[in-house]
Each structure stands twice: as structure tokens, then as C-alpha cells.
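Here's the structure, in C-alpha cells; my notes come after.
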Amino acid sequence: MISGLGRIAAFAALVLVLAVLLHAVIDAGLRHIDTSSFGVWNRIYDGTIDADVVVSGSSRALTHYDPRIIANYTGLRAYNIGLNGSQTDMQVARLATYLRHNKAPLLLIHNLDAFSFQTTHGGVYDPGQYMPYLREPAIYDALLRSDPDAWRSKFVPLYGYAVQDLRFTWISGVASALGWKPAEDHFQGFKPRFASWTEDFARLKASNPNGVTFAIEPDGVTAMEALLRLCSAHGVKVILVYSPEYEEMQRLTLNRREIFGAFEKLGRDFGAAVWDYSNSPISAHKQYFYNSQHLNAEGAELFSRDIASRIVSDSFTGLLAEAAGRDRIGREMERIRTQ
């Protein structure tokens with residue numbers, strides 16, 4: 001009996017060791033990817049971005065703001081850390097992780113959504129993307145708040161990849177360990193969508209003939225305040241931007257005035273500019289959208305040029321001088337280090 005129990009224990013120990021090793025291989029493989037969405041995550045984690053202008057927010061941030069255009073207009077280094085399928089609490093976690101590893105930007109452009117005052121409930125979208133970064137305090141704490149069982153992904157080998165990762169992200173980790181990487185579809189963090197108008201809005205409108213309401217949750221307000229306090233603590237100037245939204249969707253949102261009143265209050269309380277592009281000419285044309293909330297690549301180019309030219313205004317010319325000064329200091333420090 002003792003011999004049998006010993007063999008069982010030895011087998012269980014072997015399985016555990018193999019699980020730990022495989023988990024480490026997957027994590028390392030994902031951390032090694034330098035393209036697409038994991039490429040952005042890894043640049044944040046490795047602290048290799050150090051942009052002067054950072055764009056944050058949800059998928060609307062990810063697909064609306066082209067940092068290449070912003071950089072070309074302003075002369076400032078720009079990067080987009082927009083997070084697809086995210087609520088404000090996870091956007092704050094991503095920004096906090098960025099600030100932990102990278103130099104604080106001079107300017108944060110944070111894109112607003114009608115659901116900006118909502119937080120994550122019952123688990124995040126695409127949990128596999130967070131697995132290699134569970135040792136990041138902001139990421140892990142935000143995941144744990146949204147799902148009390150998130151600790152299992154951190155402490156139980158392969159649990160997150162086997163149970164929560166329904167998109168089989170672990171395959172990409174193993175493939176990366178063998179030398180594969182995904183095609184590049186993010187450009188300084190920006191992901192253009194080369195798509196035409198779909199029928200998503202027609203279906204939404206048909207299922208909500210009396211309009212839609214987006215809740216203003218106390219936790220969501222707290223999350224937005226946390227984002228602005230985080231920026232204040234790092235000396236980052238903030239512009240809260242409601243990027244173009246298809247005009248019919250605006251009319252469908254019943255509590256839009258209340259939501260924008262809350263945006264304006266945040267701006268006053270924290271000294272942040274609030275730029276509302278609801279009345280942009282872009283918002284009237286389906287050709288610039290692929291659904292009611294998201295601009296396609298053509299619309300994103302027009303919008304990025306608009307906001308970049310607005311940044312280069314009297315209100316923000318000081319940023320250019322500060323960036324130039326910071327570059328001179330950086331070059332001098334590098335010269336001293338190499339002497």
C-alpha cells in the first residue's frame with residue numbers, strides 16, 4: 001500500500017512539475033511576441049515606449065487615434081494603449097501598468113464612451129491576454145475585483161489558460177516559443193479597421209426601438225476619478241475626448257445628457273479638458289464607420305488629423321517646448337552615462 005501511494009504521489013508530483021513548466025513556456029512565449037496586441041502589452045511591460053502623448057480607453061481609443069498622425073502634426077512621440085473590450089477599471093489598470101514601467105507622458109488623451117461609468121462584472125473580455133502579466137499589481141487587483149476566482153489563474157498552474165482562456169491564447173504562447181509570431185496589425189498601438197458599414201446598428205435599433213440607457217455606476221465614477229488622480233500624481237495633462245459616434249446612435253441614447261453632464265463635472269473637478277466630437281461632420285456619414293460606435297480606417301485618419309491639429313493650438317504649445325526640453329535632458333544624461 002505504501003509503495004502504491006508513493007507511486008501515486010510521484011506521478012502527481014511529475015504532473016505538477018510538467019504543468020508548471022508548460023505554464024512557464026506559454027507565459028515566456030507570449031512575453032516574447034513583439035507584434036500585434038501582445039507586442040503592445042510587451043512594450044508596455046518592458047518600458048520601451050516612453051511616449052510624450054499616450055492615448056488610452058477602450059476599442060474606440062484603439063481604432064480611432066493614429067499616433068503616427070499625431071506625432072507628425074505635433075512633433076511629439078505618441079503611442080496608443082487602447083484596450084479592446086475593456087471597461088474603465090481595466091483601462092485604469094493598463095494605464096497604471098504603463099506608468100509603472102515607462103516615463104510619464106506629457107499628455108494623456110483618454111477616449112470616453114457612453115459606458116465610461118461602468119466597470120467589469122463577472123470576468124473580463126479575453127482573459128488570456130492578461131495571463132503573462134498577473135504579477136503586475138494593477139492588473140491582478142483589477143481582475144480580482146471583477147472576478148473573485150481570478151486568484152486561481154495566478155496560483156494554479158495552467159488554470160487560466162485551460163479554464164478561462166476560451167480563445168486558446170496558450171497556442172500562440174507555445175507557437176511563439178517555437179519561433180512563430182502573429183502578423184503586425186498594430187501601428188504604435190493603433191489598430192486600423194479596414195471595414196465598411198455593417199448591419200450591427202440596424203439590429204441594435206430593432207431590438208431597442210424605445211432607445212437605450214447606459215448606467216452611471218458609483219464604481220464607474222470612482223474608476224474615472226482614479227484615472228484622473230493617477231494622471232495628476234504623475235503630472236500628466238489630460239484631455240477627455242468623446243470621439244465621433246454615428247449620429248443616429250446619439251439620438252438612440254436616452255440618458256446622453258446625464259452622461260455628458262458627468263463628463264463635464266469630472267473635467268471641472270480635475271482640471272481636465274473635455275472635447276466632444278459628437279457634432280463632428282464625421283458623425284453624419286456611415287462611410288467613416290463600420291458600426292455606430294467605431295470609425296473605420298478612413299474615418300480614423302480624418303479624426304486623427306482633426307485632433308492632432310487641435311493639440312497644436314495655443315493651449316498646448318507648451319507641451320512641445322517641454323518635450324523638446326525633456327529630450328535635451330535625456331540626450332545629456334545619455335552622453336554623461338557613456339563618457
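Ligands are numbered from 1 in the order shown, chains are lettered A, B, ... in the order of the C-alpha cells, and residues start at 1 in each chain.
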>> Report as an NGL selection string all protein, DNA and RNA residues lying within 12 Å of Leu16 in chain A, evaluated on only C-alpha atoms, omitting residues in the same chain fewer than 5 positions from it.
In response: :A and (9-11 or 21-23 or 156-159)
>> For the structure I just gave you, how does DSSP split range 125-287 of chain A - specifically, which residues are alpha helix (DSSP H)? Reply as a VMD selection string.
In response: chain A and resid 137 to 146 151 to 155 159 169 to 177 200 to 207 218 to 233 247 to 252 256 to 270
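Residues of range 112-257 of chain A assigned to strand (DSSP E) by DSSP on this structure's backbone: Lys237, Val238, Ile239, Leu240, Val241 and Tyr242 of chain A.
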>> Considering only C-alpha atoms, can you say which of A:Val236, A:Met249, A:Ile44, A:Ala13 comes closest to Phe201 in chain A?
In response: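 For Phe201 in chain A, the nearest of the given residues is A:Met249.
Each of A:Asp27, A:Leu106, A:Ser36, A:Tyr73 was checked against Leu134 in chain A using only C-alpha atoms; the smallest atom-to-atom distance is that of A:Asp27.
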Residues of range 47-164 of chain A that approach range 191-200 of chain A to 12 Å or less, counting only C-alpha atoms: could you list each one with the shortest pair of atoms and its distance in Å to one decimal, rows by chain and increasing residue number, as CSV?
residue,atom,partner,partner_atom,distance
A:Ser58,CA,A:Lys191,CA,11.9
A:Ser59,CA,A:Lys191,CA,9.1
A:Arg60,CA,A:Lys191,CA,10.0
A:Ala61,CA,A:Lys191,CA,9.4
A:Leu62,CA,A:Lys191,CA,5.9
A:Thr63,CA,A:Lys191,CA,5.2
A:His64,CA,A:Pro192,CA,7.6
A:Tyr65,CA,A:Lys191,CA,8.7
A:Asp66,CA,A:Pro192,CA,8.0
A:Pro67,CA,A:Lys191,CA,10.3
A:Arg68,CA,A:Lys191,CA,11.6
A:Tyr79,CA,A:Lys191,CA,11.4
A:Asn80,CA,A:Lys191,CA,8.9
A:Ile81,CA,A:Lys191,CA,10.2
A:Gly82,CA,A:Lys191,CA,9.2
A:Leu83,CA,A:Lys191,CA,10.4
A:Asn84,CA,A:Lys191,CA,9.9
> Hey, which of A:Ile70, A:Leu5, A:Pro182, A:Glu136 ends up closest to Glu301 in chain A? Count only C-alpha atoms.
Replying inline: A:Ile70
> Taking into account only C-alpha atoms, which residue in the set A:Leu178, A:Val124, A:Ala308, A:Ala162 is nearest to Gly75 in chain A?
Replying inline: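 Of A:Leu178, A:Val124, A:Ala308, A:Ala162, the one nearest Gly75 in chain A is A:Ala308, counting only C-alpha atoms.
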>> So that I can see what lies close to Gly160 in chain A, please list as a ChimeraX atom specification the residues with an atom at most 10 Å from it, counting only C-alpha atoms and leaving out residues fewer than 2 positions away in the same chain.
In response: /A:23,127-128,130-131,150-158,162-166,170
Just the selected residues (N, CA and C atoms), exported as a CSV table (one decimal), in the first residue's frame, please.
chain,number,residue,atom,x,y,z
A,23,HIS,N,3.3,26.0,-18.2
A,23,HIS,CA,2.8,27.3,-17.9
A,23,HIS,C,3.9,28.4,-18.2
A,127,PRO,N,-9.7,37.0,-21.3
A,127,PRO,CA,-8.8,36.9,-20.1
A,127,PRO,C,-7.4,36.4,-20.5
A,128,GLY,N,-7.3,35.7,-21.6
A,128,GLY,CA,-6.0,35.1,-21.9
A,128,GLY,C,-4.9,36.2,-22.1
A,130,TYR,N,-4.3,38.7,-20.3
A,130,TYR,CA,-3.7,39.2,-19.1
A,130,TYR,C,-2.8,38.1,-18.4
A,131,MET,N,-2.9,36.9,-18.8
A,131,MET,CA,-2.2,35.8,-18.1
A,131,MET,C,-0.7,36.0,-17.9
A,150,ALA,N,-10.2,35.0,-9.7
A,150,ALA,CA,-9.1,35.3,-10.6
A,150,ALA,C,-7.8,34.8,-9.9
A,151,TRP,N,-7.7,34.6,-8.6
A,151,TRP,CA,-6.5,34.1,-7.9
A,151,TRP,C,-6.1,32.8,-8.5
A,152,ARG,N,-7.0,32.0,-8.9
A,152,ARG,CA,-6.7,30.7,-9.4
A,152,ARG,C,-5.8,30.7,-10.7
A,153,SER,N,-6.0,31.7,-11.5
A,153,SER,CA,-5.2,31.9,-12.7
A,153,SER,C,-3.7,32.2,-12.3
A,154,LYS,N,-3.5,32.9,-11.2
A,154,LYS,CA,-2.2,33.3,-10.8
A,154,LYS,C,-1.5,32.2,-10.1
A,155,PHE,N,-2.2,31.4,-9.3
A,155,PHE,CA,-1.5,30.5,-8.4
A,155,PHE,C,-1.7,29.0,-8.8
A,156,VAL,N,-2.6,28.7,-9.6
A,156,VAL,CA,-2.8,27.3,-10.0
A,156,VAL,C,-2.3,27.1,-11.5
A,157,PRO,N,-1.2,26.3,-11.7
A,157,PRO,CA,-0.6,26.2,-13.0
A,157,PRO,C,-1.6,25.8,-14.0
A,158,LEU,N,-1.6,26.5,-15.2
A,158,LEU,CA,-2.4,26.2,-16.3
A,158,LEU,C,-3.9,26.5,-16.2
A,162,ALA,N,-6.3,26.9,-19.3
A,162,ALA,CA,-7.2,25.8,-19.5
A,162,ALA,C,-8.7,26.1,-19.3
A,163,VAL,N,-9.0,26.9,-18.3
A,163,VAL,CA,-10.4,27.1,-17.9
A,163,VAL,C,-10.9,28.4,-18.4
A,164,GLN,N,-10.2,29.5,-18.2
A,164,GLN,CA,-10.7,30.9,-18.5
A,164,GLN,C,-10.4,31.3,-20.0
A,165,ASP,N,-9.3,30.8,-20.6
A,165,ASP,CA,-8.9,31.3,-21.9
A,165,ASP,C,-9.6,30.6,-23.0
A,166,LEU,N,-10.8,31.1,-23.3
A,166,LEU,CA,-11.7,30.4,-24.3
A,166,LEU,C,-11.2,30.7,-25.7
A,170,TRP,N,-3.1,30.2,-25.3
A,170,TRP,CA,-1.9,29.3,-25.0
A,170,TRP,C,-1.2,28.8,-26.2
> Quick one: residues within 9 Å of range 224-228 of chain A, only C-alpha atoms counted, chain neighbours fewer than 2 positions away excluded, as a ChimeraX atom specification?
Replying inline: /A:88-89,91-93,95-96,116-117,219-222,230-233,238,266,270,272
> What's the 9 Å shell around Leu99 in chain A, counting only C-alpha atoms, without same-chain residues fewer than 6 positions away, as an MDAnalysis selection string?
Replying inline: chainID A and resid 44 47 105 234
Just to be explicit: take each residue in the selection above, keep C-alpha atoms, and write the result as a PDB file, in the first residue's frame.
ATOM      1  CA  ILE A  44       4.296  48.478 -22.010  1.00  0.00           C
ATOM      2  CA  GLY A  47       9.175  50.028 -20.571  1.00  0.00           C
ATOM      3  CA  PRO A 105       3.749  61.217 -20.785  1.00  0.00           C
ATOM      4  CA  HIS A 234       2.346  61.790 -12.310  1.00  0.00           C
TER       5      HIS A 234
END
> Looking at A:Leu108, A:Met90, A:Val25, A:Ile8, which one is nearest to Gly235 in chain A, with distances taken over only C-alpha atoms?
Replying inline: A:Leu108
>> Taking only C-alpha atoms into account, name the residue in A:Tyr246, A:Trp275, A:Phe214, A:Phe289 that is nearest to Thr119 in chain A.
In response: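 Using only C-alpha atoms, the shortest distance to Thr119 in chain A belongs to A:Phe214.
The coordinates place CA of Asn102 in chain A at 21.8 Å from CA of Leu143 in chain A.
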